[in-house]
$ cat my_file_19.cif   # mmCIF, N, CA and C atoms and all ligand atoms
data_input
#
loop_
_atom_site.label_atom_id
_atom_site.label_comp_id
_atom_site.auth_asym_id
_atom_site.auth_seq_id
_atom_site.Cartn_x
_atom_site.Cartn_y
_atom_site.Cartn_z
N MET A 9 15.53 -6.37 7.64
CA MET A 9 16.67 -6.90 8.37
C MET A 9 17.96 -6.58 7.60
N TYR A 10 19.00 -6.25 8.37
CA TYR A 10 20.27 -5.96 7.72
C TYR A 10 20.96 -7.25 7.25
N ALA A 11 21.43 -7.23 6.01
CA ALA A 11 22.28 -8.32 5.53
C ALA A 11 23.72 -8.00 5.89
N CYS A 12 24.08 -6.71 5.82
CA CYS A 12 25.43 -6.26 6.13
C CYS A 12 25.35 -5.08 7.08
N ILE A 13 25.79 -5.30 8.31
CA ILE A 13 25.69 -4.27 9.33
C ILE A 13 26.71 -3.17 9.10
N CYS A 14 27.92 -3.54 8.67
CA CYS A 14 28.98 -2.53 8.46
C CYS A 14 28.52 -1.40 7.55
N HIS A 15 27.79 -1.76 6.50
CA HIS A 15 27.39 -0.76 5.52
C HIS A 15 25.89 -0.48 5.56
N GLY A 16 25.20 -1.05 6.55
CA GLY A 16 23.77 -0.78 6.68
C GLY A 16 22.97 -1.19 5.46
N VAL A 17 23.33 -2.34 4.87
CA VAL A 17 22.65 -2.81 3.66
C VAL A 17 21.58 -3.82 4.06
N HIS A 18 20.35 -3.54 3.67
CA HIS A 18 19.24 -4.45 3.98
C HIS A 18 19.21 -5.65 3.04
N ASP A 19 18.57 -6.72 3.50
CA ASP A 19 18.51 -7.92 2.66
C ASP A 19 17.78 -7.65 1.34
N HIS A 20 16.78 -6.77 1.36
CA HIS A 20 16.08 -6.51 0.09
C HIS A 20 16.99 -5.79 -0.90
N GLU A 21 17.95 -5.01 -0.40
CA GLU A 21 18.91 -4.35 -1.30
C GLU A 21 19.85 -5.39 -1.91
N VAL A 22 20.23 -6.38 -1.11
CA VAL A 22 21.08 -7.45 -1.65
C VAL A 22 20.32 -8.22 -2.72
N HIS A 23 19.04 -8.48 -2.46
CA HIS A 23 18.23 -9.18 -3.47
C HIS A 23 18.14 -8.35 -4.75
N ASP A 24 18.04 -7.03 -4.60
CA ASP A 24 18.02 -6.16 -5.79
C ASP A 24 19.31 -6.32 -6.58
N CYS A 25 20.45 -6.40 -5.88
CA CYS A 25 21.75 -6.57 -6.55
C CYS A 25 21.79 -7.90 -7.30
N ILE A 26 21.28 -8.97 -6.67
CA ILE A 26 21.29 -10.29 -7.30
C ILE A 26 20.40 -10.26 -8.54
N ARG A 27 19.22 -9.65 -8.39
CA ARG A 27 18.31 -9.54 -9.54
C ARG A 27 18.94 -8.74 -10.67
N ALA A 28 19.78 -7.76 -10.30
CA ALA A 28 20.43 -6.91 -11.30
C ALA A 28 21.65 -7.58 -11.93
N GLY A 29 22.03 -8.77 -11.42
CA GLY A 29 23.11 -9.50 -12.08
C GLY A 29 24.28 -9.91 -11.22
N ALA A 30 24.33 -9.51 -9.94
CA ALA A 30 25.43 -9.91 -9.06
C ALA A 30 25.33 -11.42 -8.79
N ARG A 31 26.44 -12.13 -8.97
CA ARG A 31 26.44 -13.59 -8.83
C ARG A 31 27.42 -14.08 -7.78
N THR A 32 28.22 -13.20 -7.23
CA THR A 32 29.20 -13.58 -6.20
C THR A 32 29.16 -12.52 -5.10
N GLU A 33 29.77 -12.87 -3.96
CA GLU A 33 29.85 -11.91 -2.87
C GLU A 33 30.59 -10.64 -3.32
N ASP A 34 31.64 -10.81 -4.13
CA ASP A 34 32.40 -9.64 -4.61
C ASP A 34 31.54 -8.75 -5.49
N GLU A 35 30.74 -9.38 -6.34
CA GLU A 35 29.88 -8.58 -7.22
C GLU A 35 28.82 -7.84 -6.42
N ILE A 36 28.32 -8.47 -5.36
CA ILE A 36 27.38 -7.77 -4.48
C ILE A 36 28.10 -6.59 -3.82
N GLY A 37 29.34 -6.82 -3.39
CA GLY A 37 30.12 -5.74 -2.78
C GLY A 37 30.33 -4.59 -3.74
N ASP A 38 30.61 -4.90 -5.01
CA ASP A 38 30.79 -3.84 -6.01
C ASP A 38 29.50 -3.06 -6.20
N ALA A 39 28.37 -3.78 -6.13
CA ALA A 39 27.09 -3.15 -6.43
C ALA A 39 26.55 -2.32 -5.26
N CYS A 40 26.72 -2.81 -4.02
CA CYS A 40 26.09 -2.09 -2.91
C CYS A 40 26.95 -2.04 -1.65
N ASP A 41 28.22 -2.41 -1.75
CA ASP A 41 29.18 -2.35 -0.64
C ASP A 41 29.02 -3.45 0.41
N ALA A 42 27.91 -4.22 0.38
CA ALA A 42 27.74 -5.28 1.37
C ALA A 42 28.92 -6.25 1.30
N GLY A 43 29.46 -6.62 2.45
CA GLY A 43 30.54 -7.60 2.49
C GLY A 43 31.94 -7.01 2.35
N THR A 44 32.02 -5.69 2.20
CA THR A 44 33.33 -5.08 1.97
C THR A 44 33.93 -4.47 3.23
N GLY A 45 33.28 -4.71 4.38
CA GLY A 45 33.83 -4.21 5.64
C GLY A 45 34.51 -5.34 6.40
N CYS A 46 33.92 -5.74 7.52
CA CYS A 46 34.54 -6.76 8.37
C CYS A 46 34.54 -8.14 7.73
N GLY A 47 33.60 -8.38 6.81
CA GLY A 47 33.53 -9.66 6.13
C GLY A 47 32.65 -10.69 6.84
N ASN A 48 32.13 -10.35 8.01
CA ASN A 48 31.32 -11.33 8.75
C ASN A 48 30.05 -11.73 8.01
N CYS A 49 29.57 -10.90 7.14
CA CYS A 49 28.30 -11.19 6.46
C CYS A 49 28.50 -11.94 5.15
N ARG A 50 29.73 -12.19 4.75
CA ARG A 50 29.96 -12.77 3.42
C ARG A 50 29.31 -14.14 3.26
N GLN A 51 29.34 -14.96 4.32
CA GLN A 51 28.68 -16.26 4.22
C GLN A 51 27.18 -16.07 4.05
N ARG A 52 26.63 -15.07 4.76
CA ARG A 52 25.20 -14.79 4.62
C ARG A 52 24.89 -14.37 3.17
N LEU A 53 25.75 -13.55 2.58
CA LEU A 53 25.54 -13.13 1.19
C LEU A 53 25.59 -14.34 0.26
N ALA A 54 26.57 -15.23 0.49
CA ALA A 54 26.68 -16.44 -0.33
C ALA A 54 25.41 -17.28 -0.21
N ASP A 55 24.89 -17.39 1.03
CA ASP A 55 23.66 -18.16 1.24
C ASP A 55 22.48 -17.51 0.51
N MET A 56 22.44 -16.18 0.51
CA MET A 56 21.34 -15.48 -0.16
C MET A 56 21.40 -15.72 -1.67
N ILE A 57 22.61 -15.74 -2.25
CA ILE A 57 22.76 -16.01 -3.68
C ILE A 57 22.27 -17.43 -3.97
N GLU A 58 22.74 -18.39 -3.13
CA GLU A 58 22.38 -19.79 -3.34
C GLU A 58 20.87 -19.98 -3.25
N ARG A 59 20.27 -19.36 -2.23
CA ARG A 59 18.83 -19.51 -2.01
C ARG A 59 18.05 -18.87 -3.16
N TYR A 60 18.53 -17.71 -3.62
CA TYR A 60 17.85 -17.02 -4.72
C TYR A 60 17.77 -17.93 -5.94
N PHE A 61 18.89 -18.57 -6.29
CA PHE A 61 18.89 -19.40 -7.49
C PHE A 61 18.19 -20.73 -7.26
N ALA A 62 18.19 -21.22 -6.04
CA ALA A 62 17.45 -22.44 -5.73
C ALA A 62 15.96 -22.19 -5.95
N GLU A 63 15.49 -21.02 -5.52
CA GLU A 63 14.08 -20.68 -5.70
C GLU A 63 13.77 -20.38 -7.16
N GLU A 64 14.74 -19.74 -7.84
CA GLU A 64 14.57 -19.39 -9.25
C GLU A 64 14.41 -20.62 -10.12
N SER A 65 15.11 -21.73 -9.72
CA SER A 65 15.12 -22.91 -10.57
C SER A 65 13.85 -23.75 -10.42
N VAL A 66 13.00 -23.39 -9.47
CA VAL A 66 11.74 -24.10 -9.33
C VAL A 66 10.86 -23.70 -10.51
N PRO A 67 10.41 -24.68 -11.27
CA PRO A 67 9.58 -24.35 -12.44
C PRO A 67 8.30 -23.62 -12.04
N ALA A 68 7.96 -22.62 -12.78
CA ALA A 68 6.73 -21.89 -12.50
C ALA A 68 5.53 -22.78 -12.78
N ALA A 69 4.52 -22.68 -11.95
CA ALA A 69 3.33 -23.50 -12.13
C ALA A 69 2.51 -23.03 -13.32
S1 LIG B 101 28.72 -6.98 8.32
FE1 LIG B 101 29.03 -6.89 6.18
S2 LIG B 101 31.12 -6.37 5.97
FE2 LIG B 101 30.79 -6.32 8.11
#
$ encode --input "my_file_19.cif" --output "structure tokens"
Amino acid sequence: MYACICHGVHDHEVHDCIRAGARTEDEIGDACDAGTGCGNCRQRLADMIERYFAEESVPAA
């Protein structure tokens, strides 16, 4: 599924950017261009960052 339609960036590519160190929508934009067009996906990118760290903070079993 596309996370950013303007730049054809898939959600797995955004996750790769977050794993590589992107922590804000701007940093994701610098890494893979997502969010640097119309801006409609920026809230989705913010949600993906939040969800990623929410899941990361769950202690491993
Ligand atoms: S959909 Fe991502 S910038 Fe337009």
$ residues_near_ligand --input "my_file_19.cif" --ligand "ligand LIG 101 (chain B)" --cutoff "6 Å" --atoms "only N, CA and C atoms and all ligand atoms" --output "MDAnalysis selection string"
chainID A and resid 11:15 42:50
$ axis_aligned_box --input "my_file_19.cif" --around "segment 15-33 of chain A" --padding-each-side "8 Å" --output "lines of an AutoDock Vina configuration file"
center_x = 23.3
center_y = -7.3
center_z = -2.7
size_x = 30.5
size_y = 29.6
size_z = 34.8
$ select_by_dssp --input "my_file_19.cif" --residues "chain A" --states "alpha helix (DSSP H)" --output "PDB file with N, CA and C atoms, in the frame of the given file"
ATOM      1  N   ASP A  19      18.570  -6.720   3.500  1.00  0.00           N
ATOM      2  CA  ASP A  19      18.510  -7.920   2.660  1.00  0.00           C
ATOM      3  C   ASP A  19      17.780  -7.650   1.340  1.00  0.00           C
ATOM      4  N   HIS A  20      16.780  -6.770   1.360  1.00  0.00           N
ATOM      5  CA  HIS A  20      16.080  -6.510   0.090  1.00  0.00           C
ATOM      6  C   HIS A  20      16.990  -5.790  -0.900  1.00  0.00           C
ATOM      7  N   GLU A  21      17.950  -5.010  -0.400  1.00  0.00           N
ATOM      8  CA  GLU A  21      18.910  -4.350  -1.300  1.00  0.00           C
ATOM      9  C   GLU A  21      19.850  -5.390  -1.910  1.00  0.00           C
ATOM     10  N   VAL A  22      20.230  -6.380  -1.110  1.00  0.00           N
ATOM     11  CA  VAL A  22      21.080  -7.450  -1.650  1.00  0.00           C
ATOM     12  C   VAL A  22      20.320  -8.220  -2.720  1.00  0.00           C
ATOM     13  N   HIS A  23      19.040  -8.480  -2.460  1.00  0.00           N
ATOM     14  CA  HIS A  23      18.230  -9.180  -3.470  1.00  0.00           C
ATOM     15  C   HIS A  23      18.140  -8.350  -4.750  1.00  0.00           C
ATOM     16  N   ASP A  24      18.040  -7.030  -4.600  1.00  0.00           N
ATOM     17  CA  ASP A  24      18.020  -6.160  -5.790  1.00  0.00           C
ATOM     18  C   ASP A  24      19.310  -6.320  -6.580  1.00  0.00           C
ATOM     19  N   CYS A  25      20.450  -6.400  -5.880  1.00  0.00           N
ATOM     20  CA  CYS A  25      21.750  -6.570  -6.550  1.00  0.00           C
ATOM     21  C   CYS A  25      21.790  -7.900  -7.300  1.00  0.00           C
ATOM     22  N   ILE A  26      21.280  -8.970  -6.670  1.00  0.00           N
ATOM     23  CA  ILE A  26      21.290 -10.290  -7.300  1.00  0.00           C
ATOM     24  C   ILE A  26      20.400 -10.260  -8.540  1.00  0.00           C
ATOM     25  N   ARG A  27      19.220  -9.650  -8.390  1.00  0.00           N
ATOM     26  CA  ARG A  27      18.310  -9.540  -9.540  1.00  0.00           C
ATOM     27  C   ARG A  27      18.940  -8.740 -10.670  1.00  0.00           C
ATOM     28  N   GLU A  33      29.770 -12.870  -3.960  1.00  0.00           N
ATOM     29  CA  GLU A  33      29.850 -11.910  -2.870  1.00  0.00           C
ATOM     30  C   GLU A  33      30.590 -10.640  -3.320  1.00  0.00           C
ATOM     31  N   ASP A  34      31.640 -10.810  -4.130  1.00  0.00           N
ATOM     32  CA  ASP A  34      32.400  -9.640  -4.610  1.00  0.00           C
ATOM     33  C   ASP A  34      31.540  -8.750  -5.490  1.00  0.00           C
ATOM     34  N   GLU A  35      30.740  -9.380  -6.340  1.00  0.00           N
ATOM     35  CA  GLU A  35      29.880  -8.580  -7.220  1.00  0.00           C
ATOM     36  C   GLU A  35      28.820  -7.840  -6.420  1.00  0.00           C
ATOM     37  N   ILE A  36      28.320  -8.470  -5.360  1.00  0.00           N
ATOM     38  CA  ILE A  36      27.380  -7.770  -4.480  1.00  0.00           C
ATOM     39  C   ILE A  36      28.100  -6.590  -3.820  1.00  0.00           C
ATOM     40  N   GLY A  37      29.340  -6.820  -3.390  1.00  0.00           N
ATOM     41  CA  GLY A  37      30.120  -5.740  -2.780  1.00  0.00           C
ATOM     42  C   GLY A  37      30.330  -4.590  -3.740  1.00  0.00           C
ATOM     43  N   ASP A  38      30.610  -4.900  -5.010  1.00  0.00           N
ATOM     44  CA  ASP A  38      30.790  -3.840  -6.010  1.00  0.00           C
ATOM     45  C   ASP A  38      29.500  -3.060  -6.200  1.00  0.00           C
ATOM     46  N   ALA A  39      28.370  -3.780  -6.130  1.00  0.00           N
ATOM     47  CA  ALA A  39      27.090  -3.150  -6.430  1.00  0.00           C
ATOM     48  C   ALA A  39      26.550  -2.320  -5.260  1.00  0.00           C
ATOM     49  N   CYS A  40      26.720  -2.810  -4.020  1.00  0.00           N
ATOM     50  CA  CYS A  40      26.090  -2.090  -2.910  1.00  0.00           C
ATOM     51  C   CYS A  40      26.950  -2.040  -1.650  1.00  0.00           C
ATOM     52  N   ARG A  50      29.730 -12.190   4.750  1.00  0.00           N
ATOM     53  CA  ARG A  50      29.960 -12.770   3.420  1.00  0.00           C
ATOM     54  C   ARG A  50      29.310 -14.140   3.260  1.00  0.00           C
ATOM     55  N   GLN A  51      29.340 -14.960   4.320  1.00  0.00           N
ATOM     56  CA  GLN A  51      28.680 -16.260   4.220  1.00  0.00           C
ATOM     57  C   GLN A  51      27.180 -16.070   4.050  1.00  0.00           C
ATOM     58  N   ARG A  52      26.630 -15.070   4.760  1.00  0.00           N
ATOM     59  CA  ARG A  52      25.200 -14.790   4.620  1.00  0.00           C
ATOM     60  C   ARG A  52      24.890 -14.370   3.170  1.00  0.00           C
ATOM     61  N   LEU A  53      25.750 -13.550   2.580  1.00  0.00           N
ATOM     62  CA  LEU A  53      25.540 -13.130   1.190  1.00  0.00           C
ATOM     63  C   LEU A  53      25.590 -14.340   0.260  1.00  0.00           C
ATOM     64  N   ALA A  54      26.570 -15.230   0.490  1.00  0.00           N
ATOM     65  CA  ALA A  54      26.680 -16.440  -0.330  1.00  0.00           C
ATOM     66  C   ALA A  54      25.410 -17.280  -0.210  1.00  0.00           C
ATOM     67  N   ASP A  55      24.890 -17.390   1.030  1.00  0.00           N
ATOM     68  CA  ASP A  55      23.660 -18.160   1.240  1.00  0.00           C
ATOM     69  C   ASP A  55      22.480 -17.510   0.510  1.00  0.00           C
ATOM     70  N   MET A  56      22.440 -16.180   0.510  1.00  0.00           N
ATOM     71  CA  MET A  56      21.340 -15.480  -0.160  1.00  0.00           C
ATOM     72  C   MET A  56      21.400 -15.720  -1.670  1.00  0.00           C
ATOM     73  N   ILE A  57      22.610 -15.740  -2.250  1.00  0.00           N
ATOM     74  CA  ILE A  57      22.760 -16.010  -3.680  1.00  0.00           C
ATOM     75  C   ILE A  57      22.270 -17.430  -3.970  1.00  0.00           C
ATOM     76  N   GLU A  58      22.740 -18.390  -3.130  1.00  0.00           N
ATOM     77  CA  GLU A  58      22.380 -19.790  -3.340  1.00  0.00           C
ATOM     78  C   GLU A  58      20.870 -19.980  -3.250  1.00  0.00           C
ATOM     79  N   ARG A  59      20.270 -19.360  -2.230  1.00  0.00           N
ATOM     80  CA  ARG A  59      18.830 -19.510  -2.010  1.00  0.00           C
ATOM     81  C   ARG A  59      18.050 -18.870  -3.160  1.00  0.00           C
ATOM     82  N   TYR A  60      18.530 -17.710  -3.620  1.00  0.00           N
ATOM     83  CA  TYR A  60      17.850 -17.020  -4.720  1.00  0.00           C
ATOM     84  C   TYR A  60      17.770 -17.930  -5.940  1.00  0.00           C
ATOM     85  N   PHE A  61      18.890 -18.570  -6.290  1.00  0.00           N
ATOM     86  CA  PHE A  61      18.890 -19.400  -7.490  1.00  0.00           C
ATOM     87  C   PHE A  61      18.190 -20.730  -7.260  1.00  0.00           C
ATOM     88  N   ALA A  62      18.190 -21.220  -6.040  1.00  0.00           N
ATOM     89  CA  ALA A  62      17.450 -22.440  -5.730  1.00  0.00           C
ATOM     90  C   ALA A  62      15.960 -22.190  -5.950  1.00  0.00           C
ATOM     91  N   GLU A  63      15.490 -21.020  -5.520  1.00  0.00           N
ATOM     92  CA  GLU A  63      14.080 -20.680  -5.700  1.00  0.00           C
ATOM     93  C   GLU A  63      13.770 -20.380  -7.160  1.00  0.00           C
ATOM     94  N   GLU A  64      14.740 -19.740  -7.840  1.00  0.00           N
ATOM     95  CA  GLU A  64      14.570 -19.390  -9.250  1.00  0.00           C
ATOM     96  C   GLU A  64      14.410 -20.620 -10.120  1.00  0.00           C
TER      97      GLU A  64
END
$ select_by_dssp --input "my_file_19.cif" --residues "chain A" --states "strand (DSSP E or B)" --output "ChimeraX atom specification"
/A:10-12,17-18
$ closest_residue --input "my_file_19.cif" --among "A:Asp41, A:Asp55, A:Glu64, A:Asp34" --to "Gly16 of chain A" --atoms "only C-alpha atoms"
A:Asp41
$ atom_distance --input "my_file_19.cif" --atom1 "atom CA of His18 of chain A" --atom2 "atom CA of Ala62 of chain A"
20.5 Å
$ residues_around --input "my_file_19.cif" --residues "Met9 of chain A" --least-positions-apart "4" --cutoff "6.5 Å" --atoms "all atoms listed in the file" --output "list in words"
Val17, His18, Asp19 and His20 of chain A
$ atom_distance --input "my_file_19.cif" --atom1 "atom CA of Val22 of chain A" --atom2 "atom CA of Gln51 of chain A"
13.0 Å
$ atom_distance --input "my_file_19.cif" --atom1 "atom CA of Cys40 of chain A" --atom2 "atom CA of Cys25 of chain A"
7.2 Å
